[in-house]
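Pasting data33.pdb here (PDB, C-alpha atoms, pLDDT in the B column):
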```
ATOM      1  CA  MET O   8     -83.028 -40.303 -30.935  1.00 40.00           C
ATOM      2  CA  VAL O   9     -85.725 -37.918 -32.204  1.00 50.00           C
ATOM      3  CA  LYS O  10     -85.461 -37.058 -35.879  1.00 61.00           C
ATOM      4  CA  ASN O  11     -85.035 -33.327 -36.515  1.00 90.00           C
ATOM      5  CA  GLU O  12     -87.252 -32.648 -39.543  1.00 95.00           C
ATOM      6  CA  LEU O  13     -85.960 -29.105 -39.967  1.00 96.00           C
ATOM      7  CA  ASN O  14     -82.276 -30.045 -40.032  1.00 96.00           C
ATOM      8  CA  GLU O  15     -83.009 -33.086 -42.213  1.00 97.00           C
ATOM      9  CA  SER O  16     -84.838 -30.980 -44.821  1.00 97.00           C
ATOM     10  CA  ALA O  17     -81.979 -28.445 -44.834  1.00 97.00           C
ATOM     11  CA  LEU O  18     -79.419 -31.219 -45.288  1.00 97.00           C
ATOM     12  CA  GLU O  19     -81.498 -32.699 -48.116  1.00 97.00           C
ATOM     13  CA  MET O  20     -81.556 -29.262 -49.790  1.00 97.00           C
ATOM     14  CA  ILE O  21     -77.760 -29.201 -49.607  1.00 97.00           C
ATOM     15  CA  ARG O  22     -77.549 -32.711 -51.132  1.00 97.00           C
ATOM     16  CA  ARG O  23     -79.889 -31.674 -53.992  1.00 96.00           C
ATOM     17  CA  SER O  24     -77.945 -28.476 -54.563  1.00 96.00           C
ATOM     18  CA  LYS O  25     -74.562 -30.219 -54.477  1.00 96.00           C
ATOM     19  CA  ILE O  26     -73.274 -27.091 -52.750  1.00 95.00           C
ATOM     20  CA  SER O  27     -73.296 -25.718 -49.224  1.00 93.00           C
ATOM     21  CA  ALA O  28     -72.365 -22.493 -47.515  1.00 95.00           C
ATOM     22  CA  ARG O  29     -71.042 -22.456 -43.966  1.00 97.00           C
ATOM     23  CA  VAL O  30     -72.038 -23.049 -40.371  1.00 97.00           C
ATOM     24  CA  ALA O  31     -71.992 -20.339 -37.737  1.00 97.00           C
ATOM     25  CA  SER O  32     -68.889 -20.316 -35.566  1.00 97.00           C
ATOM     26  CA  VAL O  33     -68.978 -20.560 -31.773  1.00 96.00           C
ATOM     27  CA  THR O  34     -67.992 -16.871 -31.622  1.00 97.00           C
ATOM     28  CA  GLU O  35     -70.898 -15.945 -33.906  1.00 97.00           C
ATOM     29  CA  ILE O  36     -73.358 -18.017 -31.875  1.00 95.00           C
ATOM     30  CA  ASN O  37     -72.184 -16.360 -28.653  1.00 95.00           C
ATOM     31  CA  LEU O  38     -72.627 -12.935 -30.270  1.00 95.00           C
ATOM     32  CA  LEU O  39     -76.152 -13.925 -31.393  1.00 94.00           C
ATOM     33  CA  ARG O  40     -77.036 -14.980 -27.863  1.00 93.00           C
ATOM     34  CA  ASP O  41     -75.605 -11.761 -26.420  1.00 95.00           C
ATOM     35  CA  GLU O  42     -77.410  -9.520 -28.908  1.00 95.00           C
ATOM     36  CA  LEU O  43     -80.744 -11.307 -29.371  1.00 93.00           C
ATOM     37  CA  GLY O  44     -81.009 -13.115 -26.046  1.00 86.00           C
ATOM     38  CA  GLU O  45     -84.209 -15.015 -25.352  1.00 68.00           C
ATOM     39  CA  ASN O  46     -85.576 -14.230 -28.812  1.00 65.00           C
ATOM     40  CA  LEU O  47     -83.156 -16.726 -30.319  1.00 83.00           C
ATOM     41  CA  PRO O  48     -84.550 -20.274 -30.084  1.00 88.00           C
ATOM     42  CA  ASP O  49     -82.249 -23.247 -29.482  1.00 91.00           C
ATOM     43  CA  TRP O  50     -83.486 -25.016 -32.632  1.00 94.00           C
ATOM     44  CA  LEU O  51     -82.308 -22.054 -34.771  1.00 93.00           C
ATOM     45  CA  ILE O  52     -78.923 -22.013 -33.036  1.00 94.00           C
ATOM     46  CA  ASN O  53     -78.623 -25.742 -33.717  1.00 94.00           C
ATOM     47  CA  LEU O  54     -79.595 -25.276 -37.368  1.00 96.00           C
ATOM     48  CA  MET O  55     -77.078 -22.465 -37.922  1.00 96.00           C
ATOM     49  CA  SER O  56     -74.263 -24.208 -36.050  1.00 96.00           C
ATOM     50  CA  GLN O  57     -74.793 -27.722 -37.482  1.00 96.00           C
ATOM     51  CA  VAL O  58     -76.033 -27.233 -41.055  1.00 97.00           C
ATOM     52  CA  PRO O  59     -73.919 -25.232 -43.550  1.00 97.00           C
ATOM     53  CA  ILE O  60     -76.574 -22.771 -44.797  1.00 96.00           C
ATOM     54  CA  CYS O  61     -75.382 -19.442 -43.351  1.00 97.00           C
ATOM     55  CA  SER O  62     -74.675 -16.812 -46.016  1.00 96.00           C
ATOM     56  CA  SER O  63     -76.366 -18.873 -48.731  1.00 97.00           C
ATOM     57  CA  GLN O  64     -78.766 -17.723 -51.420  1.00 97.00           C
ATOM     58  CA  LEU O  65     -81.823 -19.953 -51.605  1.00 97.00           C
ATOM     59  CA  VAL O  66     -83.637 -20.331 -54.914  1.00 97.00           C
ATOM     60  CA  VAL O  67     -87.299 -21.126 -54.324  1.00 96.00           C
ATOM     61  CA  PRO O  68     -89.398 -22.168 -57.353  1.00 94.00           C
ATOM     62  CA  CYS O  69     -92.931 -20.708 -57.203  1.00 88.00           C
ATOM     63  CA  THR O  70     -96.082 -20.755 -59.283  1.00 85.00           C
ATOM     64  CA  VAL O  71     -98.774 -18.101 -58.972  1.00 82.00           C
ATOM     65  CA  GLU O  72    -101.747 -18.079 -61.331  1.00 86.00           C
ATOM     66  CA  ASP O  73     -99.947 -20.401 -63.795  1.00 88.00           C
ATOM     67  CA  GLU O  74     -96.896 -18.121 -63.860  1.00 91.00           C
ATOM     68  CA  GLU O  75     -93.625 -19.735 -62.774  1.00 92.00           C
ATOM     69  CA  PHE O  76     -90.821 -17.736 -61.194  1.00 92.00           C
ATOM     70  CA  GLU O  77     -88.105 -18.050 -58.572  1.00 94.00           C
ATOM     71  CA  LEU O  78     -87.799 -16.293 -55.237  1.00 92.00           C
ATOM     72  CA  LEU O  79     -84.222 -15.525 -54.270  1.00 96.00           C
ATOM     73  CA  ILE O  80     -83.710 -15.467 -50.521  1.00 97.00           C
ATOM     74  CA  ASP O  81     -80.420 -14.513 -48.894  1.00 97.00           C
ATOM     75  CA  PHE O  82     -80.302 -16.718 -45.781  1.00 97.00           C
ATOM     76  CA  LEU O  83     -78.625 -14.496 -43.206  1.00 97.00           C
ATOM     77  CA  ASP O  84     -75.393 -15.157 -41.399  1.00 96.00           C
ATOM     78  CA  PRO O  85     -75.260 -14.334 -37.667  1.00 96.00           C
ATOM     79  CA  LYS O  86     -73.939 -10.771 -38.106  1.00 96.00           C
ATOM     80  CA  GLU O  87     -76.638  -9.983 -40.688  1.00 97.00           C
ATOM     81  CA  LEU O  88     -79.283 -11.597 -38.496  1.00 96.00           C
ATOM     82  CA  ILE O  89     -78.386  -9.255 -35.635  1.00 96.00           C
ATOM     83  CA  GLN O  90     -78.405  -6.204 -37.900  1.00 97.00           C
ATOM     84  CA  GLU O  91     -81.709  -7.106 -39.566  1.00 96.00           C
ATOM     85  CA  ASN O  92     -83.480  -7.640 -36.243  1.00 96.00           C
ATOM     86  CA  LYS O  93     -81.918  -4.899 -34.114  1.00 95.00           C
ATOM     87  CA  SER O  94     -81.253  -2.018 -36.526  1.00 96.00           C
ATOM     88  CA  LEU O  95     -83.210  -2.334 -39.760  1.00 95.00           C
ATOM     89  CA  VAL O  96     -86.880  -1.800 -40.567  1.00 94.00           C
ATOM     90  CA  PRO O  97     -89.136  -3.751 -40.394  1.00 96.00           C
ATOM     91  CA  GLY O  98     -87.173  -6.321 -38.370  1.00 95.00           C
ATOM     92  CA  CYS O  99     -86.564  -4.030 -35.408  1.00 96.00           C
ATOM     93  CA  ALA O 100     -90.257  -3.076 -35.355  1.00 96.00           C
ATOM     94  CA  VAL O 101     -91.520  -6.657 -34.956  1.00 97.00           C
ATOM     95  CA  PHE O 102     -88.638  -8.227 -33.017  1.00 95.00           C
ATOM     96  CA  ASN O 103     -90.320  -7.732 -29.620  1.00 93.00           C
ATOM     97  CA  LYS O 104     -93.480  -9.443 -30.944  1.00 95.00           C
ATOM     98  CA  GLY O 105     -91.540 -12.684 -31.485  1.00 95.00           C
ATOM     99  CA  TYR O 106     -90.687 -12.187 -35.164  1.00 96.00           C
ATOM    100  CA  LEU O 107     -87.152 -12.936 -36.247  1.00 96.00           C
ATOM    101  CA  CYS O 108     -85.944 -12.034 -39.727  1.00 97.00           C
ATOM    102  CA  ILE O 109     -83.880 -14.945 -41.058  1.00 97.00           C
ATOM    103  CA  GLY O 110     -83.476 -13.920 -44.695  1.00 97.00           C
ATOM    104  CA  VAL O 111     -83.988 -11.095 -47.164  1.00 97.00           C
ATOM    105  CA  GLU O 112     -85.334 -10.992 -50.688  1.00 94.00           C
ATOM    106  CA  SER O 113     -82.273 -10.646 -52.938  1.00 92.00           C
ATOM    107  CA  GLY O 114     -82.084  -7.273 -54.622  1.00 89.00           C
ATOM    108  CA  ILE O 115     -85.281  -6.002 -52.975  1.00 89.00           C
ATOM    109  CA  GLY O 116     -84.555  -6.235 -49.271  1.00 88.00           C
ATOM    110  CA  ASN O 117     -87.943  -7.309 -47.915  1.00 93.00           C
ATOM    111  CA  PRO O 118     -87.222  -9.676 -45.030  1.00 96.00           C
ATOM    112  CA  TYR O 119     -88.398 -13.235 -44.559  1.00 98.00           C
ATOM    113  CA  ALA O 120     -89.266 -13.881 -40.940  1.00 98.00           C
ATOM    114  CA  ILE O 121     -90.425 -16.550 -38.557  1.00 97.00           C
ATOM    115  CA  ASN O 122     -92.255 -16.116 -35.286  1.00 97.00           C
ATOM    116  CA  ILE O 123     -90.377 -17.954 -32.570  1.00 94.00           C
ATOM    117  CA  ARG O 124     -93.613 -18.325 -30.585  1.00 94.00           C
ATOM    118  CA  GLU O 125     -94.984 -20.629 -33.300  1.00 96.00           C
ATOM    119  CA  GLY O 126     -92.952 -23.739 -32.485  1.00 94.00           C
ATOM    120  CA  ASN O 127     -89.700 -25.285 -33.692  1.00 94.00           C
ATOM    121  CA  ASN O 128     -90.699 -25.464 -37.370  1.00 96.00           C
ATOM    122  CA  PRO O 129     -92.703 -22.245 -37.811  1.00 97.00           C
ATOM    123  CA  PRO O 130     -94.236 -20.681 -40.917  1.00 98.00           C
ATOM    124  CA  VAL O 131     -92.074 -18.338 -42.992  1.00 98.00           C
ATOM    125  CA  TYR O 132     -93.505 -14.891 -43.650  1.00 98.00           C
ATOM    126  CA  LEU O 133     -92.577 -12.157 -46.093  1.00 96.00           C
ATOM    127  CA  LEU O 134     -92.635  -8.765 -44.379  1.00 96.00           C
ATOM    128  CA  ASP O 135     -93.006  -5.558 -46.349  1.00 92.00           C
ATOM    129  CA  HIS O 136     -90.573  -2.788 -45.397  1.00 86.00           C
ATOM    130  CA  GLU O 137     -93.024  -0.289 -46.925  1.00 90.00           C
ATOM    131  CA  TYR O 138     -94.789   0.010 -43.544  1.00 91.00           C
ATOM    132  CA  GLY O 139     -91.723   1.468 -41.831  1.00 88.00           C
ATOM    133  CA  GLU O 140     -91.840   0.947 -38.079  1.00 91.00           C
ATOM    134  CA  ASP O 141     -95.627   0.472 -37.851  1.00 94.00           C
ATOM    135  CA  THR O 142     -95.556  -2.856 -36.018  1.00 95.00           C
ATOM    136  CA  GLU O 143     -99.257  -3.636 -36.349  1.00 96.00           C
ATOM    137  CA  GLN O 144     -99.338  -2.825 -40.083  1.00 96.00           C
ATOM    138  CA  ILE O 145     -96.283  -5.008 -40.697  1.00 96.00           C
ATOM    139  CA  ILE O 146     -97.805  -7.950 -38.830  1.00 97.00           C
ATOM    140  CA  ASN O 147    -101.295  -7.516 -40.307  1.00 97.00           C
ATOM    141  CA  ASN O 148     -99.893  -7.427 -43.851  1.00 97.00           C
ATOM    142  CA  LYS O 149     -97.358 -10.259 -43.589  1.00 97.00           C
ATOM    143  CA  GLU O 150     -97.592 -12.875 -46.331  1.00 96.00           C
ATOM    144  CA  VAL O 151     -97.262 -16.593 -45.578  1.00 96.00           C
ATOM    145  CA  ILE O 152     -94.640 -18.087 -47.902  1.00 95.00           C
ATOM    146  CA  VAL O 153     -94.667 -21.644 -46.501  1.00 95.00           C
ATOM    147  CA  GLU O 154     -96.428 -23.244 -43.545  1.00 97.00           C
ATOM    148  CA  ARG O 155     -93.179 -24.626 -42.098  1.00 97.00           C
ATOM    149  CA  LEU O 156     -89.529 -23.644 -42.462  1.00 97.00           C
ATOM    150  CA  SER O 157     -88.740 -27.253 -43.392  1.00 97.00           C
ATOM    151  CA  ASP O 158     -91.161 -26.878 -46.336  1.00 97.00           C
ATOM    152  CA  LEU O 159     -89.011 -24.015 -47.637  1.00 97.00           C
ATOM    153  CA  PHE O 160     -85.901 -26.189 -47.478  1.00 98.00           C
ATOM    154  CA  SER O 161     -87.788 -29.048 -49.146  1.00 97.00           C
ATOM    155  CA  ILE O 162     -88.457 -27.020 -52.315  1.00 97.00           C
ATOM    156  CA  ALA O 163     -85.432 -24.688 -52.392  1.00 97.00           C
ATOM    157  CA  PHE O 164     -81.905 -25.187 -53.591  1.00 96.00           C
ATOM    158  CA  ILE O 165     -78.742 -23.222 -52.932  1.00 97.00           C
ATOM    159  CA  ASN O 166     -77.584 -20.910 -55.703  1.00 95.00           C
ATOM    160  CA  GLU O 167     -74.005 -21.490 -56.838  1.00 88.00           C
ATOM    161  CA  ASP O 168     -73.242 -17.803 -57.434  1.00 73.00           C
TER     162      ASP O 168
END
```
What is this structure when it is put down as C-alpha coordinates?
Amino acid sequence: MVKNELNESALEMIRRSKISARVASVTEINLLRDELGENLPDWLINLMSQVPICSSQLVVPCTVEDEEFELLIDFLDPKELIQENKSLVPGCAVFNKGYLCIGVESGIGNPYAINIREGNNPPVYLLDHEYGEDTEQIINNKEVIVERLSDLFSIAFINED
(Lines of atoms letter the chains of each structure in order from A and count residues from 1; the text may use other names and numbers.)
(Lines give C-alpha, C1' and ligand atoms only; values in the text may rest on other atoms or scores of the structure.)
Protein backbone atom coordinates (compact mmCIF):
# COMPACT_ATOMS: atom_id res chain seq x y z
CA MET A 1 0.00 0.00 0.00
CA VAL A 2 1.29 3.46 -0.94
CA LYS A 3 1.84 5.79 1.99
CA ASN A 4 -0.24 8.98 1.77
CA GLU A 5 2.14 11.71 2.95
CA LEU A 6 -0.59 14.35 3.05
CA ASN A 7 -2.98 12.34 5.22
CA GLU A 8 -0.10 11.14 7.42
CA SER A 9 1.09 14.71 8.09
CA ALA A 10 -2.48 15.79 8.91
CA LEU A 11 -2.90 12.86 11.30
CA GLU A 12 0.43 13.70 12.94
CA MET A 13 -0.77 17.30 13.40
CA ILE A 14 -3.85 15.95 15.17
CA ARG A 15 -1.69 13.74 17.43
CA ARG A 16 0.55 16.73 18.32
CA SER A 17 -2.47 18.93 18.96
CA LYS A 18 -4.25 16.30 21.06
CA ILE A 19 -7.47 17.59 19.50
CA SER A 20 -9.32 17.07 16.24
CA ALA A 21 -12.29 18.57 14.49
CA ARG A 22 -14.51 16.48 12.24
CA VAL A 23 -14.59 14.66 8.93
CA ALA A 24 -16.90 15.62 6.10
CA SER A 25 -20.07 13.55 5.89
CA VAL A 26 -21.11 11.60 2.79
CA THR A 27 -23.86 14.19 2.23
CA GLU A 28 -21.31 17.02 2.38
CA ILE A 29 -18.95 15.23 -0.01
CA ASN A 30 -21.79 14.66 -2.48
CA LEU A 31 -22.70 18.36 -2.26
CA LEU A 32 -19.04 19.30 -2.88
CA ARG A 33 -18.95 17.09 -5.96
CA ASP A 34 -22.23 18.54 -7.24
CA GLU A 35 -21.16 22.15 -6.69
CA LEU A 36 -17.45 22.07 -7.55
CA GLY A 37 -17.38 19.13 -9.95
CA GLU A 38 -14.10 18.36 -11.67
CA ASN A 39 -12.30 21.09 -9.72
CA LEU A 40 -12.41 18.93 -6.61
CA PRO A 41 -9.54 16.42 -6.61
CA ASP A 42 -9.99 12.92 -5.17
CA TRP A 43 -7.07 13.39 -2.76
CA LEU A 44 -8.84 16.39 -1.16
CA ILE A 45 -12.10 14.44 -0.87
CA ASN A 46 -10.17 11.63 0.80
CA LEU A 47 -8.45 14.05 3.18
CA MET A 48 -11.72 15.73 4.20
CA SER A 49 -13.64 12.46 4.54
CA GLN A 50 -10.92 10.46 6.35
CA VAL A 51 -9.03 12.95 8.53
CA PRO A 52 -10.93 15.02 11.14
CA ILE A 53 -9.72 18.52 10.18
CA CYS A 54 -12.87 20.14 8.75
CA SER A 55 -13.93 23.29 10.62
CA SER A 56 -10.63 23.46 12.52
CA GLN A 57 -8.46 26.49 13.21
CA LEU A 58 -4.83 25.81 12.37
CA VAL A 59 -2.12 27.68 14.26
CA VAL A 60 0.98 28.02 12.11
CA PRO A 61 4.17 29.32 13.80
CA CYS A 62 6.14 31.66 11.50
CA THR A 63 9.33 33.68 11.61
CA VAL A 64 9.96 36.62 9.30
CA GLU A 65 13.06 38.77 9.72
CA ASP A 66 13.66 37.41 13.26
CA GLU A 67 10.09 38.24 14.28
CA GLU A 68 8.00 35.29 15.47
CA PHE A 69 4.23 35.21 15.09
CA GLU A 70 1.40 32.79 14.40
CA LEU A 71 -0.85 32.56 11.37
CA LEU A 72 -4.38 31.49 12.20
CA ILE A 73 -6.04 29.61 9.37
CA ASP A 74 -9.66 28.49 9.47
CA PHE A 75 -9.62 25.19 7.54
CA LEU A 76 -12.94 25.22 5.71
CA ASP A 77 -15.73 22.72 6.04
CA PRO A 78 -17.48 21.59 2.83
CA LYS A 79 -20.24 24.24 2.95
CA GLU A 80 -17.68 27.02 3.50
CA LEU A 81 -15.47 25.60 0.76
CA ILE A 82 -18.34 25.85 -1.73
CA GLN A 83 -19.17 29.40 -0.66
CA GLU A 84 -15.56 30.59 -0.75
CA ASN A 85 -14.97 29.21 -4.24
CA LYS A 86 -18.32 29.90 -5.90
CA SER A 87 -19.56 33.15 -4.32
CA LEU A 88 -16.80 35.08 -2.58
CA VAL A 89 -13.93 37.16 -3.92
CA PRO A 90 -11.19 36.27 -4.71
CA GLY A 91 -12.05 32.55 -4.72
CA CYS A 92 -14.69 32.82 -7.43
CA ALA A 93 -12.30 34.85 -9.60
CA VAL A 94 -9.56 32.18 -9.65
CA PHE A 95 -11.65 29.00 -9.37
CA ASN A 96 -11.69 28.40 -13.15
CA LYS A 97 -7.87 28.71 -13.23
CA GLY A 98 -7.53 25.66 -10.97
CA TYR A 99 -7.27 27.49 -7.64
CA LEU A 100 -9.31 26.17 -4.75
CA CYS A 101 -9.59 28.12 -1.51
CA ILE A 102 -9.27 25.66 1.38
CA GLY A 103 -8.93 28.06 4.31
CA VAL A 104 -9.20 31.69 5.35
CA GLU A 105 -7.04 33.89 7.53
CA SER A 106 -8.90 34.16 10.85
CA GLY A 107 -10.26 37.63 11.47
CA ILE A 108 -8.94 39.00 8.16
CA GLY A 109 -10.60 36.82 5.55
CA ASN A 110 -7.81 36.48 2.98
CA PRO A 111 -8.09 32.96 1.59
CA TYR A 112 -5.46 30.25 1.51
CA ALA A 113 -5.62 28.33 -1.74
CA ILE A 114 -4.09 25.44 -3.60
CA ASN A 115 -3.94 24.90 -7.33
CA ILE A 116 -5.35 21.48 -8.13
CA ARG A 117 -3.25 21.37 -11.32
CA GLU A 118 -0.08 21.24 -9.20
CA GLY A 119 -0.32 17.62 -8.03
CA ASN A 120 -1.69 15.81 -4.99
CA ASN A 121 0.40 17.73 -2.43
CA PRO A 122 0.44 21.25 -3.91
CA PRO A 123 1.84 24.50 -2.55
CA VAL A 124 -0.41 26.63 -0.34
CA TYR A 125 -0.86 30.24 -1.41
CA LEU A 126 -2.23 33.29 0.37
CA LEU A 127 -4.51 35.26 -1.94
CA ASP A 128 -5.25 38.92 -1.33
CA HIS A 129 -8.92 39.89 -1.59
CA GLU A 130 -7.80 43.49 -2.22
CA TYR A 131 -7.67 42.76 -5.97
CA GLY A 132 -11.40 42.08 -6.19
CA GLU A 133 -12.26 39.94 -9.20
CA ASP A 134 -9.11 40.75 -11.20
CA THR A 135 -8.02 37.16 -11.81
CA GLU A 136 -4.59 37.96 -13.23
CA GLN A 137 -3.73 40.40 -10.41
CA ILE A 138 -4.80 37.86 -7.79
CA ILE A 139 -2.67 35.11 -9.34
CA ASN A 140 0.33 37.36 -10.02
CA ASN A 141 0.34 38.61 -6.42
CA LYS A 142 -0.27 35.31 -4.62
CA GLU A 143 2.18 34.55 -1.81
CA VAL A 144 3.61 31.06 -1.31
CA ILE A 145 3.09 30.02 2.32
CA VAL A 146 4.51 26.48 2.07
CA GLU A 147 5.77 24.40 -0.85
CA ARG A 148 3.46 21.48 -0.03
CA LEU A 149 0.19 21.19 1.88
CA SER A 150 1.75 18.42 3.97
CA ASP A 151 4.42 20.94 5.06
CA LEU A 152 1.66 23.13 6.49
CA PHE A 153 0.29 20.22 8.50
CA SER A 154 3.82 19.32 9.64
CA ILE A 155 4.32 22.69 11.38
CA ALA A 156 0.74 23.58 12.39
CA PHE A 157 -1.38 22.51 15.30
CA ILE A 158 -5.12 22.71 15.87
CA ASN A 159 -6.33 25.49 18.14
CA GLU A 160 -8.48 24.32 21.05
CA ASP A 161 -10.81 27.33 20.98
Quiz item: Evaluating the PyMOL selection byres ((chain O and resi 113) around 7) on the displayed file yields which residues, as a PyMOL selection string?
Solution: chain O and resi 79-81+111-112+114-116
Can you pull out every residue within 12 Å of Gly44 (chain O), counting all atoms listed in the file, but drop anything in the same chain fewer than 6 positions away, and send it as a short mmCIF file (atom, residue, chain, number, x, y, z; two decimals) with C-alpha atoms, in the frame of the given file?
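Heads up, here's the output in out-v8.cif:
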```
data_model
loop_
_atom_site.label_atom_id
_atom_site.label_comp_id
_atom_site.auth_asym_id
_atom_site.auth_seq_id
_atom_site.Cartn_x
_atom_site.Cartn_y
_atom_site.Cartn_z
CA ILE O 36 -73.36 -18.02 -31.88
CA ASN O 37 -72.18 -16.36 -28.65
CA LEU O 38 -72.63 -12.94 -30.27
CA ILE O 52 -78.92 -22.01 -33.04
CA ILE O 89 -78.39 -9.26 -35.64
CA ASN O 92 -83.48 -7.64 -36.24
CA LYS O 93 -81.92 -4.90 -34.11
CA PHE O 102 -88.64 -8.23 -33.02
CA ASN O 103 -90.32 -7.73 -29.62
CA GLY O 105 -91.54 -12.68 -31.48
CA LEU O 107 -87.15 -12.94 -36.25
#
```
Exercise. Given the file shown, enumerate the residues that the PyMOL selection byres ((chain O and resi 136) around 8) captures and present them as a VMD selection string.
Key: chain O and resid 96 to 97 116 to 118 134 to 135 137 to 139 145
Exercise. For the file shown, report as a ChimeraX atom specification the outcome of the PyMOL selection byres ((chain O and resi 63-72) around 7) at residue level.
Key: /O:28,60-62,73-82,162-166
Axis-aligned box for region 112-124 of chain O, 6 Å per side, centre and edges in Å as AutoDock Vina command-line options:
```
--center_x -87.8 --center_y -12.2 --center_z -42.6 --size_x 23.5 --size_y 24.3 --size_z 36.0
```
Self-check item: Point-to-point distance from CA of Val101 (chain O) to CA of Glu140 (chain O), Å rounded to tenths
Solution: 8.2 Å
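Atom pair CA of Asp84 (chain O) / CA of Leu47 (chain O) has a distance of 13.6 Å (rounded to one decimal).
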Quiz prompt | Residues within 10 Å of (-97.2, -14.7, -46.6), file coords, only C-alpha atoms, listed as a list in words | solution = Tyr119, Ala120, Pro130, Val131, Tyr132, Leu133, Leu134, Asn148, Lys149, Glu150, Val151, Ile152, Val153 and Glu154 of chain O
Quiz item: With all atoms listed in the file as the atoms that count, which of O:Arg124, O:Lys104, O:Lys25, O:Arg155 lies nearest to Glu12 (chain O)?
Solution: O:Arg155
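Near Asn128 (chain O), within 8 Å and counting all atoms listed in the file, sit Leu13, Arg155, Leu156 and Ser157 of chain O, not including residues fewer than 5 positions from it in the same chain.
The gap separating CA of Asp168 (chain O) from CA of Val58 (chain O) is 19.1 Å, in Å to one decimal.
The shortest atom-to-atom distance to Phe160 (chain O), with only C-alpha atoms taken into account, belongs to O:Ser16 out of O:Asn11, O:Ser94, O:Ser16, O:Ser27.
Distances to Gly110 (chain O) were evaluated for O:Gly126, O:Leu159, O:Arg40, O:Gln144 using all atoms listed in the file, and the minimum falls at O:Leu159.
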